[in-house]
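Containing mmCIF, N, CA and C atoms: query02.cif.
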```cif
data_run
loop_
_atom_site.label_atom_id
_atom_site.label_comp_id
_atom_site.auth_asym_id
_atom_site.auth_seq_id
_atom_site.Cartn_x
_atom_site.Cartn_y
_atom_site.Cartn_z
N MET A 1 -79.98 -153.14 46.37
CA MET A 1 -80.52 -154.08 45.44
C MET A 1 -80.64 -155.46 46.11
N ARG A 2 -81.77 -156.11 45.92
CA ARG A 2 -82.00 -157.41 46.53
C ARG A 2 -81.48 -158.52 45.62
N HIS A 3 -81.08 -159.57 46.27
CA HIS A 3 -80.68 -160.77 45.53
C HIS A 3 -81.91 -161.60 45.23
N ALA A 4 -81.80 -162.49 44.28
CA ALA A 4 -82.92 -163.35 43.90
C ALA A 4 -83.39 -164.19 45.08
N GLY A 5 -82.47 -164.66 45.93
CA GLY A 5 -82.83 -165.46 47.10
C GLY A 5 -83.68 -164.68 48.08
N GLN A 6 -83.37 -163.40 48.26
CA GLN A 6 -84.16 -162.56 49.17
C GLN A 6 -85.56 -162.34 48.61
N GLN A 7 -85.67 -162.15 47.32
CA GLN A 7 -86.97 -161.94 46.69
C GLN A 7 -87.84 -163.19 46.83
N VAL A 8 -87.23 -164.34 46.68
CA VAL A 8 -87.98 -165.59 46.83
C VAL A 8 -88.46 -165.74 48.27
N LEU A 9 -87.59 -165.44 49.23
CA LEU A 9 -87.94 -165.54 50.64
C LEU A 9 -89.08 -164.59 50.99
N VAL A 10 -89.00 -163.35 50.51
CA VAL A 10 -90.08 -162.38 50.76
C VAL A 10 -91.38 -162.88 50.14
N GLY A 11 -91.31 -163.43 48.95
CA GLY A 11 -92.51 -163.95 48.29
C GLY A 11 -93.12 -165.12 49.04
N VAL A 12 -92.29 -166.02 49.54
CA VAL A 12 -92.77 -167.18 50.28
C VAL A 12 -93.41 -166.75 51.60
N VAL A 13 -92.75 -165.85 52.32
CA VAL A 13 -93.28 -165.37 53.60
C VAL A 13 -94.60 -164.61 53.37
N GLY A 14 -94.63 -163.76 52.37
CA GLY A 14 -95.86 -163.01 52.05
C GLY A 14 -96.99 -163.94 51.66
N GLY A 15 -96.68 -164.94 50.84
CA GLY A 15 -97.70 -165.91 50.42
C GLY A 15 -98.24 -166.70 51.60
N ALA A 16 -97.35 -167.10 52.51
CA ALA A 16 -97.77 -167.84 53.70
C ALA A 16 -98.68 -166.98 54.57
N ALA A 17 -98.36 -165.72 54.70
CA ALA A 17 -99.18 -164.81 55.51
C ALA A 17 -100.58 -164.68 54.91
N VAL A 18 -100.67 -164.56 53.61
CA VAL A 18 -101.97 -164.46 52.94
C VAL A 18 -102.77 -165.73 53.16
N VAL A 19 -102.14 -166.88 53.04
CA VAL A 19 -102.83 -168.16 53.25
C VAL A 19 -103.36 -168.26 54.68
N LEU A 20 -102.57 -167.84 55.66
CA LEU A 20 -103.02 -167.88 57.06
C LEU A 20 -104.20 -166.96 57.30
N VAL A 21 -104.16 -165.77 56.77
CA VAL A 21 -105.27 -164.82 56.94
C VAL A 21 -106.53 -165.35 56.29
N LEU A 22 -106.42 -165.83 55.05
CA LEU A 22 -107.60 -166.36 54.36
C LEU A 22 -108.14 -167.61 55.05
N GLY A 23 -107.25 -168.46 55.54
CA GLY A 23 -107.68 -169.65 56.28
C GLY A 23 -108.40 -169.28 57.56
N GLY A 24 -107.90 -168.27 58.26
CA GLY A 24 -108.56 -167.80 59.47
C GLY A 24 -109.94 -167.24 59.20
N LEU A 25 -110.06 -166.46 58.12
CA LEU A 25 -111.37 -165.91 57.76
C LEU A 25 -112.34 -167.02 57.37
N ALA A 26 -111.88 -167.98 56.59
CA ALA A 26 -112.74 -169.09 56.18
C ALA A 26 -113.20 -169.89 57.40
N THR A 27 -112.30 -170.15 58.33
CA THR A 27 -112.66 -170.89 59.54
C THR A 27 -113.70 -170.12 60.35
N HIS A 28 -113.52 -168.81 60.47
CA HIS A 28 -114.47 -167.98 61.22
C HIS A 28 -115.86 -168.05 60.58
N VAL A 29 -115.93 -167.94 59.26
CA VAL A 29 -117.21 -167.97 58.56
C VAL A 29 -117.88 -169.33 58.72
N VAL A 30 -117.13 -170.39 58.55
CA VAL A 30 -117.67 -171.75 58.60
C VAL A 30 -118.04 -172.16 60.02
N SER A 31 -117.36 -171.61 61.01
CA SER A 31 -117.54 -172.08 62.38
C SER A 31 -118.55 -171.29 63.19
N GLY A 32 -119.40 -170.53 62.54
CA GLY A 32 -120.43 -169.81 63.27
C GLY A 32 -121.31 -170.76 64.07
N THR A 33 -121.92 -170.26 65.12
CA THR A 33 -122.72 -171.12 65.98
C THR A 33 -124.23 -170.94 65.77
N GLU A 34 -124.61 -170.09 64.82
CA GLU A 34 -126.03 -169.83 64.59
C GLU A 34 -126.50 -170.55 63.32
N SER A 35 -127.74 -170.99 63.34
CA SER A 35 -128.31 -171.69 62.19
C SER A 35 -129.77 -171.30 62.06
N THR A 36 -130.23 -171.16 60.84
CA THR A 36 -131.66 -170.94 60.58
C THR A 36 -132.16 -172.15 59.79
N THR A 37 -133.20 -172.75 60.31
CA THR A 37 -133.72 -173.98 59.72
C THR A 37 -135.18 -173.81 59.36
N GLU A 38 -135.56 -174.31 58.21
CA GLU A 38 -136.94 -174.23 57.75
C GLU A 38 -137.83 -175.14 58.59
N VAL A 39 -139.00 -174.65 58.92
CA VAL A 39 -140.00 -175.47 59.60
C VAL A 39 -140.77 -176.18 58.50
N ASN A 40 -140.55 -177.47 58.36
CA ASN A 40 -141.24 -178.24 57.33
C ASN A 40 -141.55 -179.64 57.84
N GLN A 41 -142.21 -180.42 57.04
CA GLN A 41 -142.64 -181.76 57.46
C GLN A 41 -141.49 -182.73 57.64
N PHE A 42 -140.32 -182.43 57.10
CA PHE A 42 -139.20 -183.35 57.18
C PHE A 42 -138.30 -183.10 58.39
N ASP A 43 -138.21 -181.86 58.84
CA ASP A 43 -137.26 -181.48 59.90
C ASP A 43 -137.91 -181.23 61.25
N THR A 44 -139.25 -181.29 61.33
CA THR A 44 -139.91 -180.93 62.58
C THR A 44 -140.68 -182.11 63.19
N VAL A 45 -140.83 -182.02 64.50
CA VAL A 45 -141.60 -182.97 65.28
C VAL A 45 -142.43 -182.14 66.26
N LEU A 46 -143.25 -182.78 67.06
CA LEU A 46 -143.99 -182.09 68.11
C LEU A 46 -143.35 -182.40 69.46
N VAL A 47 -143.13 -181.36 70.27
CA VAL A 47 -142.64 -181.52 71.64
C VAL A 47 -143.56 -180.70 72.53
N ASP A 48 -144.23 -181.35 73.45
CA ASP A 48 -145.18 -180.68 74.34
C ASP A 48 -146.20 -179.84 73.57
N GLY A 49 -146.67 -180.33 72.43
CA GLY A 49 -147.67 -179.64 71.63
C GLY A 49 -147.14 -178.52 70.76
N HIS A 50 -145.83 -178.28 70.77
CA HIS A 50 -145.21 -177.23 69.95
C HIS A 50 -144.42 -177.84 68.81
N LYS A 51 -144.40 -177.13 67.67
CA LYS A 51 -143.49 -177.56 66.61
C LYS A 51 -142.07 -177.47 67.15
N ALA A 52 -141.24 -178.40 66.73
CA ALA A 52 -139.86 -178.43 67.20
C ALA A 52 -138.98 -179.01 66.10
N LEU A 53 -137.72 -178.59 66.09
CA LEU A 53 -136.77 -179.22 65.19
C LEU A 53 -136.47 -180.61 65.71
N ALA A 54 -136.41 -181.57 64.83
CA ALA A 54 -136.12 -182.95 65.23
C ALA A 54 -134.73 -183.02 65.87
N PRO A 55 -134.56 -183.88 66.86
CA PRO A 55 -133.28 -183.98 67.55
C PRO A 55 -132.10 -184.27 66.62
N ASN A 56 -132.32 -185.12 65.61
CA ASN A 56 -131.22 -185.45 64.70
C ASN A 56 -130.82 -184.25 63.84
N ILE A 57 -131.74 -183.34 63.54
CA ILE A 57 -131.42 -182.14 62.77
C ILE A 57 -130.56 -181.20 63.62
N VAL A 58 -130.98 -180.97 64.86
CA VAL A 58 -130.22 -180.09 65.76
C VAL A 58 -128.83 -180.68 66.00
N ALA A 59 -128.77 -181.97 66.29
CA ALA A 59 -127.48 -182.62 66.56
C ALA A 59 -126.56 -182.58 65.35
N GLY A 60 -127.09 -182.90 64.18
CA GLY A 60 -126.27 -182.93 62.97
C GLY A 60 -125.71 -181.57 62.60
N ARG A 61 -126.54 -180.54 62.64
CA ARG A 61 -126.07 -179.20 62.30
C ARG A 61 -125.10 -178.67 63.34
N THR A 62 -125.37 -178.96 64.62
CA THR A 62 -124.45 -178.53 65.67
C THR A 62 -123.10 -179.22 65.50
N GLN A 63 -123.12 -180.50 65.25
CA GLN A 63 -121.88 -181.25 65.06
C GLN A 63 -121.08 -180.71 63.88
N ASN A 64 -121.75 -180.44 62.77
CA ASN A 64 -121.05 -179.91 61.59
C ASN A 64 -120.43 -178.55 61.86
N LYS A 65 -121.14 -177.69 62.58
CA LYS A 65 -120.61 -176.36 62.87
C LYS A 65 -119.59 -176.39 64.01
N TYR A 66 -119.74 -177.36 64.92
CA TYR A 66 -118.78 -177.48 66.01
C TYR A 66 -117.43 -177.92 65.49
N ASN A 67 -117.46 -178.72 64.42
CA ASN A 67 -116.25 -179.25 63.81
C ASN A 67 -116.10 -178.72 62.39
N PRO A 68 -115.92 -177.40 62.21
CA PRO A 68 -115.88 -176.87 60.84
C PRO A 68 -114.68 -177.38 60.06
N LEU A 69 -113.59 -177.67 60.74
CA LEU A 69 -112.40 -178.22 60.10
C LEU A 69 -112.03 -179.49 60.85
N PRO A 70 -112.62 -180.63 60.49
CA PRO A 70 -112.45 -181.84 61.28
C PRO A 70 -111.01 -182.33 61.37
N TRP A 71 -110.15 -181.87 60.48
CA TRP A 71 -108.75 -182.28 60.55
C TRP A 71 -107.96 -181.47 61.57
N VAL A 72 -108.61 -180.45 62.17
CA VAL A 72 -107.97 -179.63 63.18
C VAL A 72 -108.66 -179.89 64.52
N GLY A 73 -107.93 -180.27 65.52
CA GLY A 73 -108.49 -180.45 66.85
C GLY A 73 -109.22 -181.76 67.01
N VAL A 74 -110.03 -181.83 68.05
CA VAL A 74 -110.72 -183.05 68.43
C VAL A 74 -112.14 -183.03 67.88
N LYS A 75 -112.53 -184.09 67.22
CA LYS A 75 -113.88 -184.20 66.67
C LYS A 75 -114.87 -184.44 67.82
N VAL A 76 -116.03 -183.82 67.73
CA VAL A 76 -117.08 -183.98 68.73
C VAL A 76 -118.30 -184.58 68.05
N HIS A 77 -118.84 -185.65 68.61
CA HIS A 77 -120.05 -186.29 68.11
C HIS A 77 -121.20 -185.81 69.00
N VAL A 78 -122.23 -185.23 68.38
CA VAL A 78 -123.30 -184.58 69.14
C VAL A 78 -124.59 -185.40 69.07
N SER A 79 -125.28 -185.47 70.21
CA SER A 79 -126.62 -186.06 70.26
C SER A 79 -127.50 -185.14 71.12
N CYS A 80 -128.78 -185.10 70.78
CA CYS A 80 -129.72 -184.26 71.53
C CYS A 80 -130.85 -185.15 72.03
N PRO A 81 -131.29 -184.96 73.28
CA PRO A 81 -132.27 -185.86 73.89
C PRO A 81 -133.69 -185.71 73.35
N THR A 82 -134.01 -184.54 72.81
CA THR A 82 -135.36 -184.28 72.32
C THR A 82 -135.28 -183.19 71.26
N GLY A 83 -136.42 -182.88 70.65
CA GLY A 83 -136.46 -181.81 69.67
C GLY A 83 -136.34 -180.44 70.33
N LEU A 84 -135.98 -179.45 69.53
CA LEU A 84 -135.83 -178.07 69.99
C LEU A 84 -137.11 -177.31 69.67
N LYS A 85 -137.90 -176.97 70.71
CA LYS A 85 -139.19 -176.30 70.52
C LYS A 85 -139.02 -174.99 69.77
N ALA A 86 -139.94 -174.73 68.86
CA ALA A 86 -139.95 -173.50 68.07
C ALA A 86 -140.57 -172.37 68.87
N VAL A 87 -139.95 -172.06 70.01
CA VAL A 87 -140.39 -170.99 70.90
C VAL A 87 -139.15 -170.19 71.26
N ALA A 88 -139.16 -168.88 70.94
CA ALA A 88 -137.99 -168.04 71.23
C ALA A 88 -137.62 -168.13 72.70
N GLY A 89 -136.33 -168.30 72.96
CA GLY A 89 -135.83 -168.40 74.33
C GLY A 89 -135.71 -169.83 74.84
N THR A 90 -136.30 -170.79 74.13
CA THR A 90 -136.21 -172.18 74.55
C THR A 90 -134.76 -172.64 74.51
N THR A 91 -134.36 -173.39 75.53
CA THR A 91 -133.01 -173.92 75.59
C THR A 91 -133.06 -175.43 75.73
N LEU A 92 -132.16 -176.09 75.06
CA LEU A 92 -132.01 -177.53 75.09
C LEU A 92 -130.53 -177.84 75.30
N THR A 93 -130.22 -178.84 76.09
CA THR A 93 -128.82 -179.21 76.28
C THR A 93 -128.53 -180.50 75.53
N CYS A 94 -127.68 -180.39 74.51
CA CYS A 94 -127.23 -181.56 73.77
C CYS A 94 -125.92 -182.04 74.41
N ILE A 95 -125.52 -183.24 74.07
CA ILE A 95 -124.29 -183.81 74.62
C ILE A 95 -123.28 -183.99 73.50
N GLY A 96 -122.07 -183.51 73.76
CA GLY A 96 -120.97 -183.71 72.83
C GLY A 96 -120.02 -184.75 73.40
N LYS A 97 -119.67 -185.73 72.57
CA LYS A 97 -118.74 -186.77 73.01
C LYS A 97 -117.48 -186.68 72.15
N ARG A 98 -116.36 -186.50 72.81
CA ARG A 98 -115.08 -186.41 72.10
C ARG A 98 -114.58 -187.80 71.75
N ASN A 99 -113.69 -187.88 70.77
CA ASN A 99 -113.14 -189.16 70.32
C ASN A 99 -112.54 -189.97 71.46
N PHE A 100 -111.95 -189.29 72.44
CA PHE A 100 -111.29 -190.02 73.52
C PHE A 100 -112.22 -190.31 74.69
N GLY A 101 -113.55 -190.13 74.50
CA GLY A 101 -114.53 -190.60 75.46
C GLY A 101 -115.13 -189.61 76.43
N THR A 102 -114.54 -188.44 76.62
CA THR A 102 -115.13 -187.48 77.55
C THR A 102 -116.34 -186.82 76.91
N THR A 103 -117.26 -186.33 77.75
CA THR A 103 -118.46 -185.67 77.24
C THR A 103 -118.52 -184.24 77.75
N MET A 104 -119.35 -183.45 77.08
CA MET A 104 -119.56 -182.07 77.49
C MET A 104 -120.98 -181.67 77.13
N ASP A 105 -121.53 -180.74 77.89
CA ASP A 105 -122.85 -180.18 77.59
C ASP A 105 -122.71 -179.11 76.52
N ILE A 106 -123.66 -179.10 75.57
CA ILE A 106 -123.70 -178.08 74.53
C ILE A 106 -125.08 -177.44 74.58
N PRO A 107 -125.21 -176.28 75.23
CA PRO A 107 -126.50 -175.60 75.28
C PRO A 107 -126.89 -175.06 73.90
N VAL A 108 -128.16 -175.24 73.55
CA VAL A 108 -128.72 -174.77 72.28
C VAL A 108 -129.91 -173.89 72.62
N THR A 109 -129.99 -172.70 72.03
CA THR A 109 -131.04 -171.74 72.35
C THR A 109 -131.73 -171.24 71.08
N VAL A 110 -133.05 -171.18 71.10
CA VAL A 110 -133.82 -170.60 70.00
C VAL A 110 -133.76 -169.09 70.15
N THR A 111 -133.33 -168.39 69.08
CA THR A 111 -133.21 -166.94 69.14
C THR A 111 -134.35 -166.23 68.41
N ASN A 112 -134.96 -166.88 67.42
CA ASN A 112 -136.04 -166.24 66.66
C ASN A 112 -136.89 -167.32 65.99
N VAL A 113 -138.19 -167.05 65.91
CA VAL A 113 -139.11 -167.99 65.26
C VAL A 113 -140.04 -167.20 64.36
N THR A 114 -140.22 -167.68 63.14
CA THR A 114 -141.24 -167.14 62.23
C THR A 114 -142.15 -168.31 61.86
N ASN A 115 -143.14 -168.05 61.02
CA ASN A 115 -144.03 -169.14 60.58
C ASN A 115 -143.29 -170.20 59.79
N SER A 116 -142.17 -169.82 59.17
CA SER A 116 -141.49 -170.77 58.29
C SER A 116 -140.07 -171.16 58.71
N HIS A 117 -139.49 -170.48 59.72
CA HIS A 117 -138.10 -170.75 60.09
C HIS A 117 -137.86 -170.63 61.60
N ILE A 118 -136.88 -171.38 62.06
CA ILE A 118 -136.40 -171.28 63.43
C ILE A 118 -134.92 -170.90 63.36
N THR A 119 -134.55 -169.85 64.08
CA THR A 119 -133.14 -169.47 64.17
C THR A 119 -132.68 -169.84 65.57
N TRP A 120 -131.56 -170.53 65.62
CA TRP A 120 -131.06 -171.04 66.89
C TRP A 120 -129.54 -171.02 66.88
N LYS A 121 -128.96 -171.10 68.07
CA LYS A 121 -127.50 -171.12 68.17
C LYS A 121 -127.09 -172.04 69.31
N PHE A 122 -125.87 -172.51 69.22
CA PHE A 122 -125.33 -173.31 70.30
C PHE A 122 -124.14 -172.58 70.90
N HIS A 123 -123.76 -172.99 72.08
CA HIS A 123 -122.65 -172.34 72.80
C HIS A 123 -121.50 -173.32 72.95
N ARG A 124 -120.31 -172.88 72.61
CA ARG A 124 -119.13 -173.73 72.76
C ARG A 124 -118.63 -173.63 74.17
#
```
Could you rewrite the structure in this file as structure tokens?
Amino acid sequence: MRHAGQQVLVGVVGGAAVVLVLGGLATHVVSGTESTTEVNQFDTVLVDGHKALAPNIVAGRTQNKYNPLPWVGVKVHVSCPTGLKAVAGTTLTCIGKRNFGTTMDIPVTVTNVTNSHITWKFHR
């Protein structure tokens, strides 16, 4: 027979385990590196005669997905030098700047293009 203290301890440990598993799943879902963006008059520009996602759209979405839980780890501020051409296989290198000043390259690649959407991903 268990004592009340043991039952409470088992409940607390079990509850903590559930919270960790759910938190891990939520982080995985939120931190994906792929994005599909609508090709429209607000989010696109022309780059070398091709429709392209505007640099601020690529940078903003990459930054949000790069930092899915901003209270965990180091925040990265992303900027992209030009728009991301709506051509499958196109690669663009954005720059990530950490809070403490170091920078890193963040490659972004177009994986699929339709008449209305561009699917792209970045690499951590």
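Taking CA of Thr37 (chain A) as the reference point, atom C of Ala86 (chain A) is found at 11.5 Å.
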task: With a distance cut-off of 6 Å and all atoms listed in the file, select the neighbouring residues of Gly89 (chain A), excluding the residue or stretch itself and same-chain residues fewer than 6 positions from it, and output the selection as a PyMOL selection string.
output: chain A and resi 109-112
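When CA of Phe42 (chain A) is paired with CA of Asp105 (chain A), their separation reads 26.3 Å.
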message: List the spatial neighbours of Thr114 (chain A) as JSON, numbers by chain - criterion: any atom at most 10 Å away, only C-alpha atoms, same-chain residues fewer than 4 positions off excluded.
response: {"A": [38, 39, 86, 87, 88, 118, 119]}
File of the preceding selection, N, CA and C atoms, as a PDB file, in the frame of the given file:
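selection25.pdb, written as the output of this step:
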```pdb
ATOM      1  N   GLU A  38    -135.560-174.310  58.210  1.00  0.00           N
ATOM      2  CA  GLU A  38    -136.940-174.230  57.750  1.00  0.00           C
ATOM      3  C   GLU A  38    -137.830-175.140  58.590  1.00  0.00           C
ATOM      4  N   VAL A  39    -139.000-174.650  58.920  1.00  0.00           N
ATOM      5  CA  VAL A  39    -140.000-175.470  59.600  1.00  0.00           C
ATOM      6  C   VAL A  39    -140.770-176.180  58.500  1.00  0.00           C
ATOM      7  N   ALA A  86    -139.940-174.730  68.860  1.00  0.00           N
ATOM      8  CA  ALA A  86    -139.950-173.500  68.070  1.00  0.00           C
ATOM      9  C   ALA A  86    -140.570-172.370  68.870  1.00  0.00           C
ATOM     10  N   VAL A  87    -139.950-172.060  70.010  1.00  0.00           N
ATOM     11  CA  VAL A  87    -140.390-170.990  70.900  1.00  0.00           C
ATOM     12  C   VAL A  87    -139.150-170.190  71.260  1.00  0.00           C
ATOM     13  N   ALA A  88    -139.160-168.880  70.940  1.00  0.00           N
ATOM     14  CA  ALA A  88    -137.990-168.040  71.230  1.00  0.00           C
ATOM     15  C   ALA A  88    -137.620-168.130  72.700  1.00  0.00           C
ATOM     16  N   ILE A 118    -136.880-171.380  62.060  1.00  0.00           N
ATOM     17  CA  ILE A 118    -136.400-171.280  63.430  1.00  0.00           C
ATOM     18  C   ILE A 118    -134.920-170.900  63.360  1.00  0.00           C
ATOM     19  N   THR A 119    -134.550-169.850  64.080  1.00  0.00           N
ATOM     20  CA  THR A 119    -133.140-169.470  64.170  1.00  0.00           C
ATOM     21  C   THR A 119    -132.680-169.840  65.570  1.00  0.00           C
TER      22      THR A 119
END
```
So for region 48-60 of chain A, what box centre and size do we get, axis-aligned, 5 Å extra on each of the six sides, every listed atom, Å to one decimal, as JSON?
```
{"center_x": -136.7, "center_y": -181.3, "center_z": 68.5, "size_x": 32.0, "size_y": 18.3, "size_z": 21.7}
```
- prompt: In Å, with one decimal, what is the gap from atom N of Ala52 (chain A) to CA of Lys85 (chain A)?
  reply: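 Between these atoms lies a distance of 4.8 Å.
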query: Which one of A:Pro55, A:Arg124, A:Arg61, A:Gly32 sits closest to Leu92 (chain A) if you count only C-alpha atoms?
result: A:Pro55
- request: Quick one: everything within 8 Å of Asn56 (chain A), counting only N, CA and C atoms, minus sequence neighbours fewer than 3 positions away in the same chain. Send it as a PyMOL selection string.
  value: chain A and resi 53+59-62+78-84
Selection under test: the PyMOL selection byres (((chain A and resi 108 and name CA) around 8) and name CA); residues as a list in words: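 So the PyMOL selection byres (((chain A and resi 108 and name CA) around 8) and name CA) ends up selecting Thr91, Leu92, Thr93, Cys94, Ile106, Pro107, Thr109, Val110, Trp120, Lys121, Phe122 and His123 of chain A.
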query: Smallest atom-to-atom distance to Arg98 (chain A): which of A:Val76, A:Val58, A:Val113, A:Val45, using all atoms listed in the file?
result: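 Selected residue with least distance to Arg98 (chain A): A:Val76.
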- prompt: Looking at A:Asn115, A:Thr44, A:Thr103, A:Thr33, which one is nearest to Lys65 (chain A), with distances taken over all atoms listed in the file?
  reply: A:Thr33
message: Which residue is closest to Asn99 (chain A)? Choose from A:Ser116, A:Lys75, A:Asn64, A:Gly49 and count only C-alpha atoms.
response: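 Closest candidate: A:Lys75.
In this comparison, which uses only C-alpha atoms, the residue of A:Tyr66, A:Asp43, A:Thr36, A:His117 approaching Gly96 (chain A) most closely is A:Tyr66.
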message: Here is a test: counting only C-alpha atoms, which residue of A:His77, A:His50, A:Ile95, A:Gln41 is nearest to Gln63 (chain A)?
response: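 Among the listed residues, the smallest separation from Gln63 (chain A) belongs to A:His77.
The alpha helix (DSSP H) portion of region 43-118 of chain A consists of Pro55, Asn56, Ile57, Val58, Ala59, Gly60, Arg61, Thr62, Gln63, Asn64, Lys65 and Tyr66 of chain A, with states taken from DSSP on the backbone.
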